[in-house]
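The structure file my_file_7.cif is reproduced below (mmCIF, C-alpha atoms and all ligand atoms).
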```cif
data_input
loop_
_atom_site.label_atom_id
_atom_site.label_comp_id
_atom_site.auth_asym_id
_atom_site.auth_seq_id
_atom_site.Cartn_x
_atom_site.Cartn_y
_atom_site.Cartn_z
CA MET A 1 0.00 0.00 0.00
CA GLU A 2 1.30 3.45 -0.87
CA ILE A 3 1.09 5.92 2.04
CA LYS A 4 1.42 9.60 1.11
CA MET A 5 3.35 11.64 3.64
CA ASN A 6 2.45 15.18 4.57
CA LEU A 7 4.44 15.88 7.71
CA THR A 8 4.02 18.97 9.88
CA ALA A 9 6.51 21.81 9.68
CA ALA A 10 5.63 22.78 13.26
CA PRO A 11 5.95 19.77 15.60
CA LYS A 12 4.52 20.28 19.09
CA GLU A 13 6.53 20.29 22.30
CA LYS A 14 6.60 16.80 23.82
CA PRO A 15 5.51 16.42 27.43
CA THR A 16 8.50 16.77 29.75
CA ASP A 17 6.97 15.25 32.90
CA GLU A 18 5.95 11.70 31.95
CA SER A 19 4.50 11.08 35.40
CA LYS A 20 1.67 13.46 34.57
CA LEU A 21 0.64 11.91 31.24
CA GLY A 22 -2.52 10.16 32.46
CA PHE A 23 -4.44 8.36 29.72
CA GLY A 24 -5.50 9.65 26.30
CA LYS A 25 -5.11 13.35 26.95
CA VAL A 26 -2.02 14.26 24.92
CA PHE A 27 -1.88 13.60 21.16
CA THR A 28 1.04 13.30 18.76
CA ASP A 29 1.65 15.44 15.68
CA HIS A 30 0.18 13.20 12.99
CA MET A 31 -2.64 10.84 12.12
CA PHE A 32 -3.11 8.16 9.51
CA VAL A 33 -6.21 8.57 7.32
CA MET A 34 -7.65 6.38 4.57
CA ASP A 35 -11.00 6.61 2.78
CA TRP A 36 -13.29 3.94 1.43
CA ASP A 37 -16.22 3.92 -0.90
CA ARG A 38 -18.11 1.00 -2.26
CA ALA A 39 -17.20 1.77 -5.87
CA THR A 40 -13.40 2.15 -5.50
CA GLY A 41 -12.64 0.38 -2.21
CA TRP A 42 -9.87 1.69 0.04
CA HIS A 43 -7.89 4.63 -1.31
CA ASP A 44 -5.82 7.71 -0.42
CA ALA A 45 -3.80 6.28 2.46
CA ARG A 46 -1.95 9.20 4.00
CA ILE A 47 -0.19 10.46 7.09
CA GLU A 48 -1.00 14.08 7.77
CA PRO A 49 -0.88 16.58 10.63
CA LEU A 50 -3.38 15.76 13.39
CA ALA A 51 -6.39 18.02 12.91
CA PRO A 52 -10.17 18.01 13.48
CA LEU A 53 -12.05 15.83 11.00
CA GLN A 54 -14.43 17.53 8.62
CA LEU A 55 -17.72 15.62 8.53
CA HIS A 56 -21.03 16.39 6.86
CA PRO A 57 -23.66 16.90 9.62
CA ALA A 58 -25.58 13.96 8.12
CA ALA A 59 -22.56 11.60 8.34
CA THR A 60 -23.70 8.09 9.30
CA VAL A 61 -21.47 7.92 12.38
CA LEU A 62 -23.21 10.94 13.92
CA HIS A 63 -26.70 9.45 13.66
CA TYR A 64 -26.57 5.68 13.53
CA GLY A 65 -23.41 4.90 15.47
CA LEU A 66 -21.48 3.13 12.75
CA GLU A 67 -18.14 3.24 14.54
CA ILE A 68 -15.60 0.62 15.56
CA PHE A 69 -12.18 1.01 17.14
CA GLU A 70 -9.12 -0.72 18.51
CA GLY A 71 -6.72 -0.03 21.35
CA MET A 72 -3.08 -1.08 21.32
CA LYS A 73 0.27 0.22 22.53
CA ALA A 74 3.84 0.85 21.38
CA TYR A 75 6.43 0.32 24.12
CA ARG A 76 9.97 1.68 24.42
CA THR A 77 12.57 -0.83 25.58
CA ALA A 78 15.50 0.04 27.84
CA GLU A 79 17.69 0.04 24.70
CA GLY A 80 15.42 2.69 23.16
CA LYS A 81 13.77 0.38 20.61
CA VAL A 82 10.04 0.70 19.93
CA GLN A 83 7.85 -2.40 19.79
CA LEU A 84 4.22 -3.47 19.47
CA PHE A 85 2.43 -6.22 21.41
CA ARG A 86 0.42 -8.73 19.35
CA PRO A 87 -0.75 -6.15 16.77
CA THR A 88 -2.05 -8.84 14.42
CA GLU A 89 -4.62 -9.72 17.10
CA ASN A 90 -5.93 -6.14 17.04
CA VAL A 91 -6.01 -6.13 13.26
CA ALA A 92 -7.97 -9.39 13.19
CA ARG A 93 -10.42 -8.15 15.84
CA MET A 94 -10.96 -4.90 13.94
CA ASN A 95 -12.02 -6.90 10.90
CA ARG A 96 -14.35 -9.05 13.03
CA SER A 97 -15.91 -5.87 14.44
CA ALA A 98 -16.25 -4.48 10.90
CA GLU A 99 -17.94 -7.67 9.75
CA ARG A 100 -20.47 -7.49 12.62
CA MET A 101 -21.30 -3.86 11.85
CA SER A 102 -21.40 -4.39 8.08
CA MET A 103 -18.54 -1.98 7.64
CA PRO A 104 -15.66 -2.44 5.20
CA GLN A 105 -12.85 -4.77 6.24
CA MET A 106 -9.22 -4.04 5.44
CA ASP A 107 -6.27 -6.06 4.23
CA PRO A 108 -4.57 -7.10 7.52
CA GLU A 109 -1.12 -6.41 5.99
CA ASP A 110 -2.18 -2.87 5.05
CA MET A 111 -3.57 -2.27 8.54
CA LEU A 112 -0.32 -3.40 10.13
CA GLN A 113 1.73 -1.32 7.70
CA ALA A 114 -0.37 1.76 8.54
CA ILE A 115 0.16 1.25 12.30
CA LYS A 116 3.88 0.61 11.95
CA THR A 117 4.43 3.56 9.61
CA LEU A 118 2.56 6.00 11.86
CA VAL A 119 4.37 4.78 14.99
CA SER A 120 7.67 5.06 13.18
CA VAL A 121 6.90 8.68 12.22
CA GLU A 122 5.90 9.38 15.85
CA LYS A 123 8.64 7.30 17.50
CA ASP A 124 10.03 10.26 19.47
CA TRP A 125 6.60 10.49 21.14
CA VAL A 126 6.90 7.01 22.68
CA PRO A 127 7.55 7.85 26.34
CA HIS A 128 10.53 6.43 28.24
CA GLY A 129 9.33 5.74 31.78
CA PHE A 130 8.42 2.19 32.83
CA GLY A 131 4.63 1.89 32.76
CA THR A 132 4.29 4.52 30.03
CA SER A 133 3.62 3.79 26.38
CA LEU A 134 2.23 5.24 23.17
CA TYR A 135 -1.46 4.31 23.10
CA ILE A 136 -2.63 3.73 19.52
CA ARG A 137 -6.29 4.21 18.65
CA PRO A 138 -7.36 3.06 15.16
CA PHE A 139 -11.03 3.75 14.38
CA LEU A 140 -13.40 3.40 11.47
CA ILE A 141 -16.49 5.55 10.92
CA GLY A 142 -19.44 5.38 8.53
CA ASN A 143 -19.39 8.50 6.40
CA ASP A 144 -22.40 8.57 4.05
CA GLU A 145 -23.94 12.01 3.70
CA THR A 146 -27.58 10.92 3.97
CA LEU A 147 -30.13 10.41 6.73
CA GLY A 148 -31.52 7.21 5.21
CA VAL A 149 -30.63 4.01 7.04
CA HIS A 150 -29.00 2.04 4.24
CA THR A 151 -26.05 -0.15 3.37
CA LEU A 152 -22.91 1.92 3.92
CA HIS A 153 -21.21 3.45 0.88
CA HIS A 154 -18.50 5.64 2.42
CA ALA A 155 -16.19 5.15 5.38
CA LYS A 156 -13.08 6.72 6.88
CA TYR A 157 -10.31 4.93 8.76
CA VAL A 158 -8.15 6.99 11.10
CA ILE A 159 -5.34 6.19 13.54
CA ILE A 160 -4.35 8.59 16.30
CA CYS A 161 -1.69 8.16 18.99
CA SER A 162 -1.48 9.35 22.58
CA PRO A 163 1.53 9.03 24.90
CA SER A 164 -0.01 7.65 28.08
CA GLY A 165 0.68 6.48 31.60
CA SER A 166 -1.78 4.66 33.86
CA TYR A 167 -5.39 4.31 32.75
CA TYR A 168 -6.69 4.61 36.31
CA ALA A 169 -5.68 7.38 38.68
CA GLU A 170 -5.12 4.50 41.16
CA GLY A 171 -2.24 3.19 38.95
CA ILE A 172 -1.45 -0.37 40.06
CA ASN A 173 -3.35 0.18 43.34
CA PRO A 174 -6.63 -1.74 43.67
CA VAL A 175 -9.76 -0.19 42.13
CA LYS A 176 -13.34 -0.30 43.42
CA ILE A 177 -15.88 -1.97 41.15
CA MET A 178 -19.69 -1.94 41.29
CA VAL A 179 -21.69 -4.97 40.09
CA GLU A 180 -24.44 -3.54 37.87
CA ASP A 181 -27.76 -5.34 38.19
CA GLU A 182 -30.05 -2.92 36.39
CA ASP A 183 -28.68 -1.92 32.97
CA VAL A 184 -27.11 -4.46 30.64
CA ARG A 185 -24.26 -3.76 28.25
CA ALA A 186 -24.75 -6.43 25.61
CA VAL A 187 -26.65 -9.60 24.76
CA ARG A 188 -25.75 -12.64 22.71
CA GLY A 189 -26.52 -11.86 19.09
CA GLY A 190 -25.85 -8.18 19.73
CA THR A 191 -22.54 -6.37 19.42
CA GLY A 192 -20.83 -7.19 22.73
CA PHE A 193 -17.95 -9.08 21.10
CA ALA A 194 -17.28 -6.23 18.68
CA LYS A 195 -15.30 -3.18 19.70
CA CYS A 196 -17.92 -0.66 18.63
CA GLY A 197 -18.59 2.74 20.12
CA GLY A 198 -22.25 1.90 20.78
CA ASN A 199 -21.33 -0.63 23.47
CA TYR A 200 -19.67 2.14 25.45
CA GLY A 201 -22.64 4.46 24.91
CA ALA A 202 -24.99 1.83 26.37
CA ALA A 203 -22.65 1.54 29.37
CA GLN A 204 -22.50 5.22 30.18
CA ARG A 205 -25.46 5.51 32.57
CA ALA A 206 -24.34 2.67 34.82
CA GLY A 207 -20.78 3.99 34.75
CA GLU A 208 -21.98 7.34 35.98
CA ARG A 209 -24.03 5.72 38.76
CA ALA A 210 -20.95 3.78 39.85
CA GLU A 211 -18.82 6.93 39.90
CA THR A 212 -21.41 8.75 41.98
CA LEU A 213 -21.17 5.95 44.56
CA GLY A 214 -17.36 6.18 44.54
CA TYR A 215 -16.66 3.18 42.28
CA THR A 216 -14.26 3.33 39.36
CA GLN A 217 -16.10 1.06 36.93
CA VAL A 218 -19.00 -1.31 36.48
CA LEU A 219 -18.89 -5.12 36.47
CA TRP A 220 -21.52 -6.26 33.98
CA LEU A 221 -23.82 -9.22 34.34
CA ASP A 222 -25.11 -11.11 31.29
CA GLY A 223 -28.09 -9.56 29.52
CA VAL A 224 -30.27 -12.70 29.44
CA ASP A 225 -30.26 -14.20 32.94
CA ARG A 226 -28.68 -11.16 34.62
CA LYS A 227 -26.83 -13.66 36.67
CA TYR A 228 -23.46 -14.43 35.16
CA ILE A 229 -20.37 -12.22 35.36
CA GLU A 230 -19.30 -10.78 32.00
CA GLU A 231 -16.63 -8.06 32.06
CA VAL A 232 -15.78 -4.58 33.32
CA GLY A 233 -16.31 -1.30 31.44
CA ALA A 234 -12.87 -1.24 29.82
CA MET A 235 -11.36 -4.61 30.72
CA ASN A 236 -11.99 -8.32 31.12
CA ILE A 237 -12.20 -9.76 34.61
CA MET A 238 -10.46 -12.65 36.35
CA PHE A 239 -10.74 -14.09 39.84
CA LYS A 240 -8.75 -16.41 42.02
CA ILE A 241 -11.29 -18.52 43.86
CA ASP A 242 -10.04 -21.20 46.24
CA GLY A 243 -6.63 -21.33 44.57
CA LYS A 244 -7.92 -21.46 40.98
CA VAL A 245 -7.87 -18.71 38.34
CA VAL A 246 -11.29 -18.38 36.69
CA THR A 247 -12.63 -16.00 34.07
CA PRO A 248 -15.97 -15.78 32.25
CA LYS A 249 -15.94 -17.78 29.03
CA LEU A 250 -16.42 -15.93 25.75
CA ASN A 251 -20.06 -16.13 24.82
CA GLY A 252 -20.57 -13.52 22.10
CA SER A 253 -21.42 -10.67 24.42
CA ILE A 254 -17.96 -10.24 26.01
CA LEU A 255 -15.05 -8.54 24.26
CA PRO A 256 -12.40 -11.18 23.48
CA GLY A 257 -9.57 -9.25 25.08
CA ILE A 258 -6.02 -9.70 23.86
CA THR A 259 -4.68 -9.19 27.40
CA ARG A 260 -7.14 -11.85 28.63
CA LYS A 261 -5.95 -14.27 25.96
CA SER A 262 -2.28 -13.51 26.75
CA ILE A 263 -2.75 -14.10 30.50
CA LEU A 264 -4.49 -17.43 29.86
CA GLU A 265 -1.63 -18.43 27.54
CA LEU A 266 0.97 -17.33 30.11
CA LEU A 267 -0.70 -19.37 32.86
CA ARG A 268 -1.08 -22.45 30.63
CA ALA A 269 2.58 -22.19 29.59
CA GLU A 270 3.41 -22.39 33.31
CA GLY A 271 1.44 -25.63 33.55
CA LYS A 272 -1.49 -23.99 35.34
CA ASP A 273 -5.05 -24.68 34.40
CA PRO A 274 -7.14 -21.49 34.41
CA GLU A 275 -10.84 -22.07 33.83
CA GLU A 276 -13.01 -20.26 31.29
CA ARG A 277 -16.55 -20.88 32.44
CA LEU A 278 -19.82 -19.40 33.62
CA ILE A 279 -19.37 -17.62 36.95
CA SER A 280 -22.56 -16.54 38.63
CA VAL A 281 -22.64 -13.45 40.79
CA ASP A 282 -24.03 -15.67 43.59
CA GLU A 283 -20.95 -17.90 43.40
CA LEU A 284 -18.74 -14.82 43.54
CA ILE A 285 -20.49 -13.26 46.53
CA GLU A 286 -20.55 -16.58 48.36
CA ALA A 287 -16.80 -16.96 47.75
CA ALA A 288 -16.27 -13.40 49.00
CA GLU A 289 -18.31 -14.14 52.13
CA ASN A 290 -16.54 -17.35 53.04
CA GLY A 291 -13.04 -16.07 52.32
CA LYS A 292 -12.50 -18.07 49.13
CA LEU A 293 -12.36 -15.07 46.81
CA GLU A 294 -8.61 -14.62 47.13
CA GLU A 295 -7.95 -12.12 44.35
CA ALA A 296 -9.72 -10.26 41.55
CA TRP A 297 -8.21 -8.26 38.71
CA GLY A 298 -9.21 -6.64 35.46
CA CYS A 299 -7.08 -6.91 32.34
CA GLY A 300 -6.95 -4.85 29.18
CA THR A 301 -4.57 -2.91 26.96
CA ALA A 302 -5.18 0.45 28.60
CA ALA A 303 -5.52 -0.89 32.16
CA VAL A 304 -2.85 -3.67 31.80
CA VAL A 305 -3.50 -5.81 34.94
CA SER A 306 -5.49 -3.90 37.49
CA PRO A 307 -6.27 -5.34 40.93
CA VAL A 308 -9.83 -5.09 42.21
CA GLY A 309 -9.84 -4.39 45.95
CA TRP A 310 -13.54 -3.89 46.56
CA LEU A 311 -16.74 -5.17 44.98
CA TYR A 312 -20.11 -3.55 45.58
CA TYR A 313 -23.28 -5.57 45.07
CA LYS A 314 -26.84 -4.86 46.21
CA GLY A 315 -25.92 -2.26 48.79
CA LYS A 316 -22.99 -4.15 50.30
CA GLU A 317 -19.24 -3.78 49.81
CA TYR A 318 -16.92 -6.79 49.82
CA GLU A 319 -13.21 -6.32 50.38
CA ILE A 320 -10.83 -8.59 48.49
CA ASN A 321 -7.38 -9.45 49.86
CA ASN A 322 -7.69 -6.61 52.42
CA GLY A 323 -7.90 -4.11 49.56
CA LYS A 324 -4.32 -4.97 48.50
CA ILE A 325 -2.83 -6.36 45.30
CA GLY A 326 -2.45 -10.16 45.62
CA PRO A 327 0.55 -12.30 44.58
CA THR A 328 -1.08 -13.79 41.46
CA THR A 329 -2.19 -10.36 40.22
CA GLN A 330 1.24 -8.86 40.89
CA GLY A 331 2.97 -11.82 39.22
CA LEU A 332 0.84 -11.52 36.08
CA TYR A 333 1.41 -7.77 35.92
CA ASP A 334 5.17 -8.30 36.26
CA LYS A 335 5.35 -11.07 33.65
CA LEU A 336 3.19 -9.35 31.08
CA THR A 337 4.81 -5.94 31.39
CA ALA A 338 8.29 -7.52 31.28
CA ILE A 339 7.46 -8.92 27.83
CA GLN A 340 5.78 -5.72 26.64
CA TRP A 341 8.65 -3.46 27.69
CA GLY A 342 11.27 -5.93 26.44
CA LYS A 343 12.73 -6.67 29.88
CA THR A 344 12.49 -10.41 29.34
CA GLU A 345 12.74 -12.82 26.44
CA ASP A 346 9.50 -13.09 24.43
CA LYS A 347 9.09 -16.87 24.17
CA PHE A 348 5.63 -16.52 22.67
CA GLY A 349 6.47 -14.46 19.57
CA TRP A 350 4.13 -11.67 20.68
CA ILE A 351 6.47 -8.74 20.06
CA VAL A 352 6.64 -6.96 16.70
CA PRO A 353 9.44 -4.40 16.38
CA VAL A 354 8.85 -1.03 14.71
CA GLU A 355 11.74 0.09 12.53
N1 LIG B 1 -13.44 -5.37 27.55
C1 LIG B 1 -13.72 -4.11 27.17
C2 LIG B 1 -15.12 -3.66 27.22
C3 LIG B 1 -12.69 -3.26 26.72
O1 LIG B 1 -12.95 -2.02 26.33
C4 LIG B 1 -11.36 -3.75 26.68
C5 LIG B 1 -10.28 -2.90 26.20
O2 LIG B 1 -9.88 -2.97 25.10
C6 LIG B 1 -11.12 -5.07 27.08
C7 LIG B 1 -12.18 -5.85 27.52
C8 LIG B 1 -9.74 -5.67 27.04
O3 LIG B 1 -9.33 -5.95 25.73
P1 LIG B 1 -7.81 -5.93 25.31
O4 LIG B 1 -7.08 -6.75 26.28
O5 LIG B 1 -7.80 -6.49 23.95
O6 LIG B 1 -7.38 -4.51 25.35
C1 LIG B 2 -8.24 -0.45 25.67
O1 LIG B 2 -7.87 -1.03 26.69
O2 LIG B 2 -7.52 -0.33 24.68
C2 LIG B 2 -9.56 0.11 25.57
O3 LIG B 2 -10.04 0.22 24.49
C3 LIG B 2 -10.22 0.60 26.74
C4 LIG B 2 -10.82 1.92 26.41
C5 LIG B 2 -12.29 1.85 26.32
C6 LIG B 2 -10.29 3.03 27.22
#
```
I need this file expressed as structure tokens, please.
Amino acid sequence: MEIKMNLTAAPKEKPTDESKLGFGKVFTDHMFVMDWDRATGWHDARIEPLAPLQLHPAATVLHYGLEIFEGMKAYRTAEGKVQLFRPTENVARMNRSAERMSMPQMDPEDMLQAIKTLVSVEKDWVPHGFGTSLYIRPFLIGNDETLGVHTLHHAKYVIICSPSGSYYAEGINPVKIMVEDEDVRAVRGGTGFAKCGGNYGAAQRAGERAETLGYTQVLWLDGVDRKYIEEVGAMNIMFKIDGKVVTPKLNGSILPGITRKSILELLRAEGKDPEERLISVDELIEAAENGKLEEAWGCGTAAVVSPVGWLYYKGKEYEINNGKIGPTTQGLYDKLTAIQWGKTEDKFGWIVPVE
């Protein structure tokens, strides 16, 4: 794929204090853009200065929510090299999301080339501190200029980058999570497994309720029985119950997280036997009450591995591991981040260098 380059003559100042980056607030100088229409397919791949997008007020994305996205990171190693973590997984998931939303798919090689080329242009923006990275946000929007609800004819694919630190203000300290038993996020047959903006829109009200009560995010229950644990607002969830790591199995309404998959592969490579199965909220609360819920953590690209110290359900708060990070959670965080930041050998072939 040919990518036209239009680089800025006025690069911005890079943040000097990496400890204050937070998540998704600072943006690099450039973005990748590519257009699609049904007649010509994908065309005009380009890297240009980051700027507001010009959209017709009738653009499909603004009315009917045709939007999908990905989240991945570029990491700087101690030697100064820049590397990606399992980018082909993000590329494959983006195409699965596109298929679900009847949006155009892309050649996986082209998608990877676009990500690598943009990160290479922005390599000086990849922060240096351990725990910091360049968060990469590819997204695809429906861009027909009509109010009719029809098969899509125009789309735009964009990639932006944001040097980031911790997703949560808590950092690696345990977060407080509220089990949501009123709203549901997704149902089987819906779009839960796709990374589409609408899923996050449907989650907003419960998220706000949780924040008002002092909780960082919501733990969703399944939309059919409202009984089984699904995932958290921006991460998958895992528990250690009575010595065993368990996580909800993928059922079509949960996002198949790449961090989730990597942790399961890490544990299996160590000869452990994590379970992917139905976990009812009753089982979880019972385990919390009788001391068998040893640890809980969320996992995702932005949040990495994030311990859960408190669970709130039906007016009661349950403390997990005295509100402290547990040994399994800490171990997984250490092992995963060591691979991502190139501190240890990558035996799995997960790392893709950026030239
Ligand atoms: N679940 C939801 C709803 C998410 O937004 C994310 C973040 O991407 C995840 C799970 C974790 O997915 P991944 O590990 O691929 O980042
Ligand atoms: C990610 O972890 O990459 C995500 O997409 C989470 C996001 C909703 C902040």
Per-residue nearest contacts chain A to ligand LIG 1 (chain B), cut-off 9 Å, using only C-alpha atoms and all ligand atoms, as a Markdown table:
```
| residue | atom | partner | partner_atom | distance |
| --- | --- | --- | --- | --- |
| A:Glu70 | CA | B:LIG1 | O2 | 7.0 |
| A:Gly71 | CA | B:LIG1 | O2 | 5.7 |
| A:Met72 | CA | B:LIG1 | O6 | 6.8 |
| A:Glu89 | CA | B:LIG1 | O5 | 8.2 |
| A:Asn90 | CA | B:LIG1 | O5 | 7.2 |
| A:Arg93 | CA | B:LIG1 | O5 | 8.7 |
| A:Gly192 | CA | B:LIG1 | C2 | 8.1 |
| A:Phe193 | CA | B:LIG1 | C2 | 8.7 |
| A:Lys195 | CA | B:LIG1 | O1 | 7.1 |
| A:Asn199 | CA | B:LIG1 | C2 | 7.9 |
| A:Tyr200 | CA | B:LIG1 | C2 | 7.6 |
| A:Glu231 | CA | B:LIG1 | N1 | 6.1 |
| A:Val232 | CA | B:LIG1 | C2 | 6.2 |
| A:Gly233 | CA | B:LIG1 | C2 | 5.0 |
| A:Ala234 | CA | B:LIG1 | O1 | 3.6 |
| A:Met235 | CA | B:LIG1 | C7 | 3.5 |
| A:Asn236 | CA | B:LIG1 | C7 | 4.4 |
| A:Ile237 | CA | B:LIG1 | C7 | 8.1 |
| A:Ile254 | CA | B:LIG1 | N1 | 6.8 |
| A:Leu255 | CA | B:LIG1 | N1 | 4.8 |
| A:Pro256 | CA | B:LIG1 | O3 | 6.5 |
| A:Gly257 | CA | B:LIG1 | O3 | 3.4 |
| A:Ile258 | CA | B:LIG1 | O5 | 3.7 |
| A:Thr259 | CA | B:LIG1 | O4 | 3.6 |
| A:Arg260 | CA | B:LIG1 | O4 | 5.6 |
| A:Lys261 | CA | B:LIG1 | O4 | 7.6 |
| A:Ser262 | CA | B:LIG1 | O4 | 8.3 |
| A:Gly298 | CA | B:LIG1 | C8 | 8.5 |
| A:Cys299 | CA | B:LIG1 | C8 | 6.1 |
| A:Gly300 | CA | B:LIG1 | O4 | 3.5 |
| A:Thr301 | CA | B:LIG1 | O6 | 3.6 |
| A:Ala302 | CA | B:LIG1 | O6 | 6.3 |
| A:Ala303 | CA | B:LIG1 | C5 | 7.9 |
| A:Val304 | CA | B:LIG1 | O4 | 7.6 |
```
Requested write-out: C-alpha atoms of the selected residues, as an mmCIF file, keeping the file's coordinate frame:
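And here is the file that came out, part-v3.cif:
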```cif
data_model
loop_
_atom_site.group_PDB
_atom_site.id
_atom_site.type_symbol
_atom_site.label_atom_id
_atom_site.label_comp_id
_atom_site.auth_asym_id
_atom_site.auth_seq_id
_atom_site.Cartn_x
_atom_site.Cartn_y
_atom_site.Cartn_z
ATOM 1 C CA GLU A 70 -9.120 -0.720 18.510
ATOM 2 C CA GLY A 71 -6.720 -0.030 21.350
ATOM 3 C CA MET A 72 -3.080 -1.080 21.320
ATOM 4 C CA GLU A 89 -4.620 -9.720 17.100
ATOM 5 C CA ASN A 90 -5.930 -6.140 17.040
ATOM 6 C CA ARG A 93 -10.420 -8.150 15.840
ATOM 7 C CA GLY A 192 -20.830 -7.190 22.730
ATOM 8 C CA PHE A 193 -17.950 -9.080 21.100
ATOM 9 C CA LYS A 195 -15.300 -3.180 19.700
ATOM 10 C CA ASN A 199 -21.330 -0.630 23.470
ATOM 11 C CA TYR A 200 -19.670 2.140 25.450
ATOM 12 C CA GLU A 231 -16.630 -8.060 32.060
ATOM 13 C CA VAL A 232 -15.780 -4.580 33.320
ATOM 14 C CA GLY A 233 -16.310 -1.300 31.440
ATOM 15 C CA ALA A 234 -12.870 -1.240 29.820
ATOM 16 C CA MET A 235 -11.360 -4.610 30.720
ATOM 17 C CA ASN A 236 -11.990 -8.320 31.120
ATOM 18 C CA ILE A 237 -12.200 -9.760 34.610
ATOM 19 C CA ILE A 254 -17.960 -10.240 26.010
ATOM 20 C CA LEU A 255 -15.050 -8.540 24.260
ATOM 21 C CA PRO A 256 -12.400 -11.180 23.480
ATOM 22 C CA GLY A 257 -9.570 -9.250 25.080
ATOM 23 C CA ILE A 258 -6.020 -9.700 23.860
ATOM 24 C CA THR A 259 -4.680 -9.190 27.400
ATOM 25 C CA ARG A 260 -7.140 -11.850 28.630
ATOM 26 C CA LYS A 261 -5.950 -14.270 25.960
ATOM 27 C CA SER A 262 -2.280 -13.510 26.750
ATOM 28 C CA GLY A 298 -9.210 -6.640 35.460
ATOM 29 C CA CYS A 299 -7.080 -6.910 32.340
ATOM 30 C CA GLY A 300 -6.950 -4.850 29.180
ATOM 31 C CA THR A 301 -4.570 -2.910 26.960
ATOM 32 C CA ALA A 302 -5.180 0.450 28.600
ATOM 33 C CA ALA A 303 -5.520 -0.890 32.160
ATOM 34 C CA VAL A 304 -2.850 -3.670 31.800
#
```
- Query: A:His30, A:Arg86, A:Lys272, A:Arg209: which is nearest Ile177 in chain A, counting only C-alpha atoms?
  - Reply: A:Arg209
- Task: Kindly extract all protein, DNA and RNA residues lying within 9 Å of the coordinates (-13.3, 2.8, 39.9) given in the file, considering all atoms listed in the file, and supply them as a count of residues only.
- Result: 16
- One decimal place gives the CA of Thr16 in chain A-CA of Gly80 in chain A separation as 17.0 Å
If you take every atom of ligand LIG 2 (chain B) that the file lists and fit an axis-aligned box around them with 4 Å extra on each side, what centre and edge lengths come out in Å to one decimal, as AutoDock Vina command-line options?
```
--center_x -9.9 --center_y 1.0 --center_z 25.9 --size_x 12.8 --size_y 12.1 --size_z 10.7
```
- Task: Tell me which of A:Asp17, A:Leu140, A:Lys123, A:Val305 sits closest to ligand LIG 2 (chain B), counting only C-alpha atoms and all ligand atoms.
- Result: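 For ligand LIG 2 (chain B), the nearest of the candidates is A:Val305.
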- Item | For range 340-351 of chain A: contacts at 6 Å, only C-alpha atoms, fewer than 3 positions along chain excluded, given as a list in words | Tyr75, Thr77, Leu84, Phe85, Arg86 and Thr337 of chain A
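Take the candidates A:Arg96, A:Lys25, A:Lys116, A:Lys14 and check each one against ligand LIG 2 (chain B) using only C-alpha atoms and all ligand atoms; the shortest distance goes to A:Lys25.
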- Message: I'd like to know which of A:Ile172, A:Ile115, A:Ala186, A:Cys196 is closest to ligand LIG 2 (chain B), using all atoms listed in the file.
- Response: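 Among the listed residues, the smallest separation from ligand LIG 2 (chain B) belongs to A:Cys196.
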- Item | Distance of CA of Glu109 in chain A from CA of Leu55 in chain A, expressed in Å to one decimal place |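 Distance reported for this atom pair: 27.7 Å.
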- Query: Pick the closest to Pro138 in chain A from A:Gly252, A:Gly201, A:Pro49, A:Pro87: which is it, counting only C-alpha atoms?
  - Reply: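 That would be A:Pro87, the residue with the smallest distance to Pro138 in chain A.
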- From A:Ala74, A:Leu53, A:Val121, A:Val281, residue lying nearest Ile136 in chain A [only C-alpha atoms]: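 For Ile136 in chain A, the nearest of the given residues is A:Ala74.
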- Take CA of Glu294 in chain A and CA of Thr132 in chain A and report the distance between them in Å, one decimal.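 Here the two named atoms are 28.7 Å from each other.
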- Message: If we count all atoms listed in the file and set the cut-off at 7 Å, which residues sit around Gly142 in chain A, ignoring sequence neighbours fewer than 6 positions away in its own chain? Please answer as JSON, numbers by chain.
- Response: {"A": [59, 60, 61, 66, 67, 152, 154, 155, 156]}
- Item | Contact residues around Ala288 in chain A with only C-alpha atoms at 10 Å, ignoring same-chain residues under 3 positions, as a PyMOL selection string | chain A and resi 241+282-285+291-295+311+318-321
- Message: List the spatial neighbours of Met111 in chain A as a list in words - criterion: any atom at most 12 Å away, all atoms listed in the file, same-chain residues fewer than 5 positions off excluded.
- Response: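 In the requested form, the answer reads Met1, Ile3, Phe32, Val33, Met34, Trp42, Ala45, Glu70, Pro87, Thr88, Glu89, Asn90, Val91, Ala92, Arg93, Met94, Asn95, Gln105, Met106, Lys116, Thr117, Leu118, Pro138, Phe139, Leu140, Tyr157, Val158 and Ile159 of chain A.
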- Determine, counting only C-alpha atoms, which protein, DNA and RNA residues have an atom within 9 Å of an atom of Leu332 in chain A; residues of the same chain fewer than 6 positions away are not included. Present the result as a list in words. Ile263, Leu266, Leu267 and Val305 of chain A
- Using all atoms listed in the file, can you list as a ChimeraX atom specification the residues within 12 Å of (9.2, 6.2, 31.6)? /A:15-21,75-78,80,125-134,163-166,341
